[in-house]
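Undergrad: This is protein.cif, which holds mmCIF, C-alpha atoms and all ligand atoms:
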```
data_protein
loop_
_atom_site.label_atom_id
_atom_site.label_comp_id
_atom_site.auth_asym_id
_atom_site.auth_seq_id
_atom_site.Cartn_x
_atom_site.Cartn_y
_atom_site.Cartn_z
CA MET A 639 18.49 -12.63 -17.42
CA PRO A 640 17.24 -16.18 -17.65
CA ASN A 641 16.51 -17.79 -14.32
CA HIS A 642 17.98 -21.14 -13.49
CA LYS A 643 14.86 -23.18 -12.94
CA GLN A 644 14.97 -26.17 -15.26
CA LEU A 645 13.04 -25.86 -18.50
CA LEU A 646 11.03 -28.25 -20.62
CA VAL A 647 10.54 -26.72 -24.06
CA ALA A 648 8.16 -28.15 -26.68
CA ASN A 649 9.32 -27.43 -30.22
CA TRP A 650 6.21 -28.00 -32.28
CA LYS A 651 7.89 -27.01 -35.55
CA MET A 652 5.25 -26.85 -38.33
CA ALA A 653 2.86 -29.24 -36.53
CA MET A 654 -0.17 -28.46 -34.33
CA PRO A 655 -2.75 -26.26 -36.06
CA ILE A 656 -4.88 -24.08 -33.76
CA ASN A 657 -7.51 -26.67 -32.76
CA GLN A 658 -4.88 -29.26 -31.82
CA ALA A 659 -2.76 -26.67 -30.05
CA LEU A 660 -5.75 -25.58 -27.95
CA GLU A 661 -6.71 -29.20 -27.17
CA PHE A 662 -3.16 -29.72 -25.97
CA ILE A 663 -3.32 -26.71 -23.64
CA HIS A 664 -6.76 -27.68 -22.35
CA SER A 665 -5.46 -31.11 -21.37
CA PHE A 666 -3.35 -29.43 -18.65
CA SER A 667 -4.73 -28.04 -15.42
CA CYS A 668 -3.19 -25.99 -12.63
CA SER A 669 -2.76 -29.16 -10.55
CA ASP A 670 -0.18 -30.43 -13.07
CA PHE A 671 2.07 -27.58 -12.01
CA LEU A 672 1.79 -27.78 -8.21
CA ASP A 673 5.23 -27.81 -6.55
CA SER A 674 6.87 -27.93 -9.95
CA ASN A 675 10.54 -27.06 -10.26
CA THR A 676 10.27 -27.08 -14.05
CA LYS A 677 9.14 -24.28 -16.30
CA MET A 678 7.02 -25.54 -19.19
CA VAL A 679 7.58 -23.64 -22.42
CA ILE A 680 5.79 -24.11 -25.74
CA ALA A 681 7.16 -23.06 -29.10
CA PRO A 682 4.20 -23.21 -31.50
CA SER A 683 3.92 -21.80 -35.02
CA PHE A 684 3.62 -18.01 -35.25
CA VAL A 685 -0.06 -18.18 -36.19
CA THR A 686 -1.12 -19.99 -33.02
CA LEU A 687 0.77 -17.79 -30.57
CA SER A 688 -1.97 -15.32 -29.84
CA SER A 689 -4.78 -17.89 -29.32
CA LEU A 690 -2.50 -19.90 -27.09
CA ARG A 691 -1.64 -16.86 -25.06
CA GLU A 692 -5.33 -16.06 -24.54
CA ASN A 693 -6.17 -19.62 -23.49
CA ILE A 694 -3.17 -20.00 -21.22
CA SER A 695 -4.09 -16.83 -19.38
CA GLN A 696 -7.83 -17.68 -19.24
CA HIS A 697 -6.94 -20.96 -17.51
CA SER A 698 -4.17 -19.37 -15.38
CA LEU A 699 -1.67 -21.98 -16.53
CA PRO A 700 2.02 -21.27 -15.83
CA ILE A 701 3.09 -22.08 -19.39
CA ALA A 702 5.48 -19.75 -21.18
CA LEU A 703 5.51 -19.11 -24.91
CA CYS A 704 8.50 -19.25 -27.21
CA ALA A 705 8.72 -18.28 -30.88
CA GLN A 706 10.54 -20.64 -33.22
CA ASN A 707 12.35 -17.85 -35.06
CA CYS A 708 12.41 -14.08 -35.56
CA ALA A 709 13.54 -11.51 -38.12
CA SER A 710 17.13 -10.33 -38.03
CA ALA A 711 16.00 -6.70 -38.43
CA GLU A 712 14.11 -4.63 -35.93
CA SER A 713 11.57 -3.35 -38.47
CA GLY A 714 11.25 -2.51 -42.15
CA ALA A 715 10.15 -3.96 -45.49
CA PHE A 716 10.86 -7.69 -44.99
CA THR A 717 7.98 -9.64 -46.53
CA GLY A 718 7.23 -12.81 -44.63
CA GLU A 719 9.25 -11.94 -41.54
CA VAL A 720 8.09 -11.49 -37.93
CA SER A 721 9.83 -8.93 -35.73
CA VAL A 722 10.86 -9.40 -32.13
CA SER A 723 8.54 -6.59 -31.02
CA MET A 724 5.59 -8.47 -32.57
CA LEU A 725 6.60 -11.57 -30.65
CA GLN A 726 6.77 -9.53 -27.49
CA GLU A 727 3.30 -8.18 -28.22
CA VAL A 728 1.82 -11.71 -28.35
CA GLY A 729 3.43 -12.64 -25.06
CA CYS A 730 6.54 -14.59 -26.02
CA GLU A 731 9.16 -14.86 -23.29
CA PHE A 732 11.63 -16.88 -25.35
CA VAL A 733 12.76 -17.14 -28.99
CA LEU A 734 14.51 -20.16 -30.50
CA ILE A 735 17.50 -19.02 -32.52
CA GLY A 736 19.65 -21.15 -34.78
CA HIS A 737 17.74 -24.42 -34.65
CA SER A 738 19.58 -26.83 -36.94
CA GLU A 739 16.63 -26.83 -39.37
CA ARG A 740 16.96 -23.04 -39.69
CA ARG A 741 20.68 -23.39 -40.23
CA THR A 742 20.60 -26.24 -42.75
CA LEU A 743 17.29 -25.73 -44.60
CA PHE A 744 17.18 -21.93 -44.55
CA GLY A 745 20.89 -21.16 -44.69
CA GLU A 746 21.02 -19.14 -41.49
CA ALA A 747 24.67 -18.56 -40.66
CA GLU A 748 26.44 -17.24 -37.56
CA PRO A 749 26.38 -13.50 -38.42
CA VAL A 750 22.61 -13.45 -38.94
CA LEU A 751 22.05 -15.58 -35.84
CA ALA A 752 24.20 -13.23 -33.76
CA LYS A 753 22.02 -10.30 -34.94
CA LYS A 754 18.88 -12.16 -33.91
CA VAL A 755 20.33 -13.02 -30.49
CA ASP A 756 21.19 -9.38 -30.01
CA LEU A 757 17.71 -8.12 -31.01
CA VAL A 758 15.95 -10.64 -28.76
CA ILE A 759 18.08 -9.66 -25.77
CA LYS A 760 17.60 -5.94 -26.44
CA ALA A 761 13.83 -6.48 -26.42
CA GLY A 762 14.06 -8.13 -22.99
CA LEU A 763 13.19 -11.62 -24.23
CA THR A 764 15.46 -14.65 -23.79
CA PRO A 765 17.03 -16.37 -26.79
CA ILE A 766 17.29 -20.15 -26.66
CA PHE A 767 20.33 -20.51 -28.86
CA CYS A 768 20.67 -23.92 -30.50
CA ILE A 769 24.01 -25.49 -31.27
CA GLY A 770 24.98 -28.97 -32.36
CA GLU A 771 27.37 -30.94 -34.51
CA PRO A 772 26.74 -33.05 -37.62
CA LYS A 773 27.28 -36.80 -37.48
CA GLU A 774 30.71 -36.83 -39.10
CA VAL A 775 31.99 -34.33 -36.54
CA TYR A 776 30.62 -36.45 -33.68
CA GLU A 777 32.15 -39.59 -35.14
CA SER A 778 35.53 -37.98 -35.60
CA GLY A 779 35.55 -36.83 -31.95
CA HIS A 780 35.60 -33.10 -32.73
CA THR A 781 32.31 -32.08 -31.15
CA SER A 782 33.86 -29.77 -28.56
CA GLU A 783 35.86 -27.80 -31.12
CA TYR A 784 32.81 -27.51 -33.38
CA LEU A 785 30.56 -26.18 -30.60
CA THR A 786 33.27 -23.83 -29.37
CA ARG A 787 33.37 -22.33 -32.86
CA GLN A 788 29.58 -21.96 -32.98
CA LEU A 789 29.71 -20.11 -29.67
CA SER A 790 32.68 -17.90 -30.49
CA PRO A 791 30.57 -14.71 -31.03
CA TYR A 792 29.21 -14.87 -27.48
CA SER A 793 30.65 -14.05 -24.05
CA PRO A 794 29.97 -16.00 -20.87
CA SER A 795 27.76 -13.17 -19.67
CA THR A 796 25.42 -13.28 -22.70
CA PRO A 797 21.93 -13.54 -21.17
CA PHE A 798 20.75 -16.48 -23.23
CA ILE A 799 19.94 -20.15 -22.77
CA LEU A 800 21.83 -22.73 -24.79
CA ALA A 801 20.26 -25.83 -26.30
CA TYR A 802 22.77 -28.50 -27.26
CA GLU A 803 21.13 -30.54 -30.01
CA PRO A 804 23.40 -32.90 -31.95
CA ILE A 805 22.06 -32.70 -35.53
CA TRP A 806 22.31 -36.48 -35.99
CA SER A 807 20.13 -36.97 -32.90
CA ILE A 808 17.19 -34.81 -33.97
CA GLY A 809 14.22 -36.98 -34.93
CA THR A 810 16.35 -40.14 -35.25
CA GLY A 811 15.88 -41.87 -31.89
CA LEU A 812 19.67 -41.69 -31.35
CA ILE A 813 21.27 -39.87 -28.43
CA PRO A 814 24.92 -39.38 -27.45
CA THR A 815 26.55 -41.87 -25.09
CA ASP A 816 26.69 -40.83 -21.43
CA GLU A 817 30.42 -40.36 -21.71
CA ASP A 818 30.18 -38.16 -24.80
CA LEU A 819 27.38 -36.08 -23.30
CA SER A 820 29.37 -35.50 -20.10
CA CYS A 821 32.42 -34.52 -22.10
CA THR A 822 30.42 -32.06 -24.24
CA TYR A 823 28.76 -30.56 -21.17
CA ASP A 824 32.18 -30.16 -19.51
CA THR A 825 33.31 -28.11 -22.51
CA LEU A 826 30.14 -26.02 -22.60
CA ARG A 827 30.25 -25.45 -18.83
CA SER A 828 33.86 -24.34 -19.01
CA LEU A 829 32.89 -21.74 -21.62
CA PHE A 830 29.53 -20.70 -20.09
CA PRO A 831 29.63 -21.52 -16.38
CA ASP A 832 26.40 -19.75 -15.47
CA THR A 833 24.28 -20.30 -18.58
CA PRO A 834 21.37 -22.76 -18.49
CA ILE A 835 22.16 -25.50 -21.02
CA LEU A 836 19.34 -27.68 -22.33
CA TYR A 837 19.74 -30.94 -24.21
CA GLY A 838 17.68 -31.68 -27.31
CA GLY A 839 17.52 -34.56 -29.78
CA SER A 840 15.16 -37.55 -29.54
CA VAL A 841 14.26 -36.96 -25.88
CA ASN A 842 11.43 -39.30 -24.95
CA GLN A 843 9.80 -41.13 -22.04
CA GLU A 844 12.27 -44.00 -22.34
CA ASN A 845 15.52 -42.04 -22.26
CA ILE A 846 14.68 -39.01 -20.09
CA THR A 847 15.56 -40.77 -16.82
CA GLY A 848 19.06 -41.53 -18.08
CA LEU A 849 19.48 -37.99 -19.41
CA LEU A 850 18.39 -36.54 -16.06
CA ARG A 851 21.30 -38.31 -14.36
CA HIS A 852 23.50 -35.65 -15.95
CA GLN A 853 23.25 -33.09 -13.19
CA THR A 854 24.49 -30.30 -15.44
CA VAL A 855 21.62 -30.66 -17.93
CA ASN A 856 19.21 -27.81 -17.15
CA GLY A 857 16.29 -29.14 -19.14
CA PHE A 858 15.24 -30.31 -22.57
CA LEU A 859 14.14 -29.09 -25.98
CA VAL A 860 11.73 -31.69 -27.29
CA GLY A 861 10.30 -32.16 -30.77
CA GLY A 862 8.45 -35.42 -31.52
CA ALA A 863 7.64 -36.32 -27.90
CA SER A 864 6.10 -32.88 -27.30
CA LEU A 865 3.26 -33.36 -29.78
CA LYS A 866 1.08 -35.59 -27.60
CA PRO A 867 -0.10 -34.16 -24.26
CA ASP A 868 0.35 -37.50 -22.48
CA SER A 869 3.93 -37.99 -23.52
CA PHE A 870 4.84 -34.35 -22.83
CA ARG A 871 3.12 -34.49 -19.44
CA SER A 872 5.05 -37.59 -18.51
CA LEU A 873 8.36 -35.87 -19.40
CA PHE A 874 7.29 -32.92 -17.29
CA HIS A 875 6.35 -35.09 -14.30
CA ARG A 876 9.57 -37.06 -14.59
CA MET A 877 11.54 -33.80 -14.43
CA ASN A 878 9.73 -32.86 -11.25
CA GLN A 879 10.86 -36.01 -9.44
CA PRO A 880 14.19 -35.98 -7.58
CA ARG A 881 17.14 -36.70 -9.86
CA SER A 882 19.06 -39.89 -9.16
CA HIS A 883 22.85 -39.73 -9.08
CA ASP A 884 23.82 -43.23 -10.21
P1 LIG A 901 13.19 -34.35 -31.61
O1 LIG A 901 13.39 -32.82 -32.07
O2 LIG A 901 12.91 -34.33 -30.13
O3 LIG A 901 12.03 -34.83 -32.42
O4 LIG A 901 14.46 -35.06 -31.91
C1 LIG A 901 14.13 -31.93 -31.28
C2 LIG A 901 14.24 -30.59 -31.98
O5 LIG A 901 14.28 -30.53 -33.22
O6 LIG A 901 14.31 -29.54 -31.31
#
```
Please render this file's structure as C-alpha cells.
Ligand code: PGA
TA:
Amino acid sequence: MPNHKQLLVANWKMAMPINQALEFIHSFSCSDFLDSNTKMVIAPSFVTLSSLRENISQHSLPIALCAQNCASAESGAFTGEVSVSMLQEVGCEFVLIGHSERRTLFGEAEPVLAKKVDLVIKAGLTPIFCIGEPKEVYESGHTSEYLTRQLSPYSPSTPFILAYEPIWSIGTGLIPTDEDLSCTYDTLRSLFPDTPILYGGSVNQENITGLLRHQTVNGFLVGGASLKPDSFRSLFHRMNQPRSHD
C-alpha cells in the first residue's frame, strides 16, 4: 500500500541522458533530506534506471525510482517492451501508468491501462495512475464527470496513487483556478477518500506555494521544472516548509 507521506515526482520523459541524470543525482546530498516530510521520486528513462539506482545507493540518498511505463503483459514475445519484473529488478518502487502522452500519442486506452495497474500492484510496486481532462472538457465544466469515467475501473481500495494532470496544463504554463482545483479534488476525494492524489501540470517555483494551499493535494508530478537540480530542489524545499492555510 502506498504510504501517505507527500511525494514530489520528477517526470523526466525522454530527457536526461545518463551523464546528465548522474550529475543531477550528485547535486543532492543527504543534508537535503534531513527532517523531510516529502518523498523524492525520479522517473527517468528505462536506460538510466540501473545506473541511477547504483549511484543513489552508493550515496545513501533517500530517492525512490519510478518507471515511466511498463508492458501490459507479465512476460512473452513483446519486442520493445519492458516487464514489471524487470522494473522491480532495477529497483523501481513506482510505475507511471496512463500519462496523457501515453494515452494520446501511443493510443493507450482504459482496458490496457487497467491491466498495467493490475500487474504493477501484483508485483508489489505502486502505480501512479495519471488522469486528466482535455481543454474543451475543462472549459465546458465537465471535468468531474470525465475523471469519474477514467476512474470507473478502480475501487476506492485500489492500492495506487493518483496524479491529476489536466492535459491542457501539461507543459503550457497554465494551471486550473483555485476554485476549479478544489472542486476537482472534492470529486476525487469523494471517490477515493484514502488515496494519495498528486497534482501535475506546469508546477514550478512560482506557482507551488499557491498549489500547496490546497491541503488535499498530496504532492506533485513535475515535468519541465524537474530537469534542473536547482529548480527541483527548490520545489522540494518548499514542500518541506509548513503549509499556509490562507
Ligand atoms: P510539466 O509536465 O510539469 O512540464 O507540465 C508534467 C507531466 O507531464 O507530468
Undergrad: As lines of an AutoDock Vina configuration file, what would the box around ligand LIG 901 (chain A) look like: edges along x, y and z, 3 Å added on every side, centre and edge lengths in Å to one decimal?
TA:
```
center_x = 13.2
center_y = -32.3
center_z = -31.7
size_x = 8.4
size_y = 11.5
size_z = 9.1
```
Undergrad: So, with all atoms listed in the file as the atoms that count, which of A:Leu859, A:Met877, A:Leu687, A:Val728 lies closest to ligand LIG 901 (chain A)?
TA: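 The closest residue to ligand LIG 901 (chain A) is A:Leu859.
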Undergrad: Please report, as a Markdown table, each residue of chain A lying at most 6 Å from ligand LIG 901 (chain A), together with the nearest pair of atoms and the separation in Å rounded to one decimal; use all atoms listed in the file, and order rows by chain and ascending residue number.
TA:
```
| residue | atom | partner | partner_atom | distance |
| --- | --- | --- | --- | --- |
| A:Asn649 | CA | A:LIG901 | O6 | 5.5 |
| A:Ile808 | CA | A:LIG901 | O4 | 3.4 |
| A:Gly809 | CA | A:LIG901 | O4 | 3.6 |
| A:Gly838 | CA | A:LIG901 | C1 | 5.3 |
| A:Gly839 | CA | A:LIG901 | O4 | 3.8 |
| A:Ser840 | CA | A:LIG901 | O4 | 3.5 |
| A:Val841 | CA | A:LIG901 | O2 | 5.2 |
| A:Leu859 | CA | A:LIG901 | O6 | 5.4 |
| A:Val860 | CA | A:LIG901 | O2 | 4.1 |
| A:Gly861 | CA | A:LIG901 | O1 | 3.4 |
| A:Gly862 | CA | A:LIG901 | O3 | 3.7 |
```
Undergrad: Using all atoms listed in the file for the distances, tell me which of A:Pro749, A:Gln788, A:Pro765, A:Lys773 is nearest to Thr810 (chain A).
TA: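 Checking each of A:Pro749, A:Gln788, A:Pro765, A:Lys773 against Thr810 (chain A), counting all atoms listed in the file, the winner is A:Lys773.
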Undergrad: Set the distance at 10 Å and use only C-alpha atoms: which residues neighbour Ala705 (chain A) once local chain neighbours fewer than 2 positions away are removed? I'd like the list as a PDB file with C-alpha atoms, keeping the file's coordinate frame.
TA:
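Saved file result_5.pdb follows:
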```
ATOM      1  CA  ASN A 649       9.320 -27.430 -30.220  1.00  0.00           C
ATOM      2  CA  LYS A 651       7.890 -27.010 -35.550  1.00  0.00           C
ATOM      3  CA  ILE A 680       5.790 -24.110 -25.740  1.00  0.00           C
ATOM      4  CA  ALA A 681       7.160 -23.060 -29.100  1.00  0.00           C
ATOM      5  CA  PRO A 682       4.200 -23.210 -31.500  1.00  0.00           C
ATOM      6  CA  SER A 683       3.920 -21.800 -35.020  1.00  0.00           C
ATOM      7  CA  PHE A 684       3.620 -18.010 -35.250  1.00  0.00           C
ATOM      8  CA  LEU A 687       0.770 -17.790 -30.570  1.00  0.00           C
ATOM      9  CA  LEU A 703       5.510 -19.110 -24.910  1.00  0.00           C
ATOM     10  CA  ASN A 707      12.350 -17.850 -35.060  1.00  0.00           C
ATOM     11  CA  CYS A 708      12.410 -14.080 -35.560  1.00  0.00           C
ATOM     12  CA  VAL A 720       8.090 -11.490 -37.930  1.00  0.00           C
ATOM     13  CA  VAL A 722      10.860  -9.400 -32.130  1.00  0.00           C
ATOM     14  CA  LEU A 725       6.600 -11.570 -30.650  1.00  0.00           C
ATOM     15  CA  GLN A 726       6.770  -9.530 -27.490  1.00  0.00           C
ATOM     16  CA  VAL A 728       1.820 -11.710 -28.350  1.00  0.00           C
ATOM     17  CA  GLY A 729       3.430 -12.640 -25.060  1.00  0.00           C
ATOM     18  CA  CYS A 730       6.540 -14.590 -26.020  1.00  0.00           C
ATOM     19  CA  GLU A 731       9.160 -14.860 -23.290  1.00  0.00           C
ATOM     20  CA  PHE A 732      11.630 -16.880 -25.350  1.00  0.00           C
ATOM     21  CA  VAL A 733      12.760 -17.140 -28.990  1.00  0.00           C
ATOM     22  CA  LEU A 734      14.510 -20.160 -30.500  1.00  0.00           C
ATOM     23  CA  ILE A 735      17.500 -19.020 -32.520  1.00  0.00           C
ATOM     24  CA  PRO A 765      17.030 -16.370 -26.790  1.00  0.00           C
ATOM     25  CA  ILE A 766      17.290 -20.150 -26.660  1.00  0.00           C
TER      26      ILE A 766
END
```
Undergrad: Could you tell me how far CA of Ser790 (chain A) lies from CA of Tyr823 (chain A), in Å and to one decimal?
TA: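 Separating CA of Ser790 (chain A) from CA of Tyr823 (chain A) is a distance of 16.2 Å.
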Undergrad: Find the residues around Leu672 (chain A) up to 12 Å (only C-alpha atoms counted), leave out those fewer than 3 positions away in its own chain, and share them as a PDB file with C-alpha atoms, in the frame of the given file.
TA:
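Written file, out.pdb:
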```
ATOM      1  CA  PHE A 666      -3.350 -29.430 -18.650  1.00  0.00           C
ATOM      2  CA  SER A 667      -4.730 -28.040 -15.420  1.00  0.00           C
ATOM      3  CA  CYS A 668      -3.190 -25.990 -12.630  1.00  0.00           C
ATOM      4  CA  SER A 669      -2.760 -29.160 -10.550  1.00  0.00           C
ATOM      5  CA  ASN A 675      10.540 -27.060 -10.260  1.00  0.00           C
ATOM      6  CA  THR A 676      10.270 -27.080 -14.050  1.00  0.00           C
ATOM      7  CA  LYS A 677       9.140 -24.280 -16.300  1.00  0.00           C
ATOM      8  CA  LEU A 699      -1.670 -21.980 -16.530  1.00  0.00           C
ATOM      9  CA  PRO A 700       2.020 -21.270 -15.830  1.00  0.00           C
ATOM     10  CA  PHE A 874       7.290 -32.920 -17.290  1.00  0.00           C
ATOM     11  CA  HIS A 875       6.350 -35.090 -14.300  1.00  0.00           C
ATOM     12  CA  ASN A 878       9.730 -32.860 -11.250  1.00  0.00           C
TER      13      ASN A 878
END
```
Undergrad: Check the smallest atom-to-atom distance from each of A:Ser869, A:Ala761, A:Glu692, A:Pro804 to Met724 (chain A) using only C-alpha atoms, then report the winner.
TA: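 Of the candidates, the smallest distance to Met724 (chain A) is held by A:Ala761.
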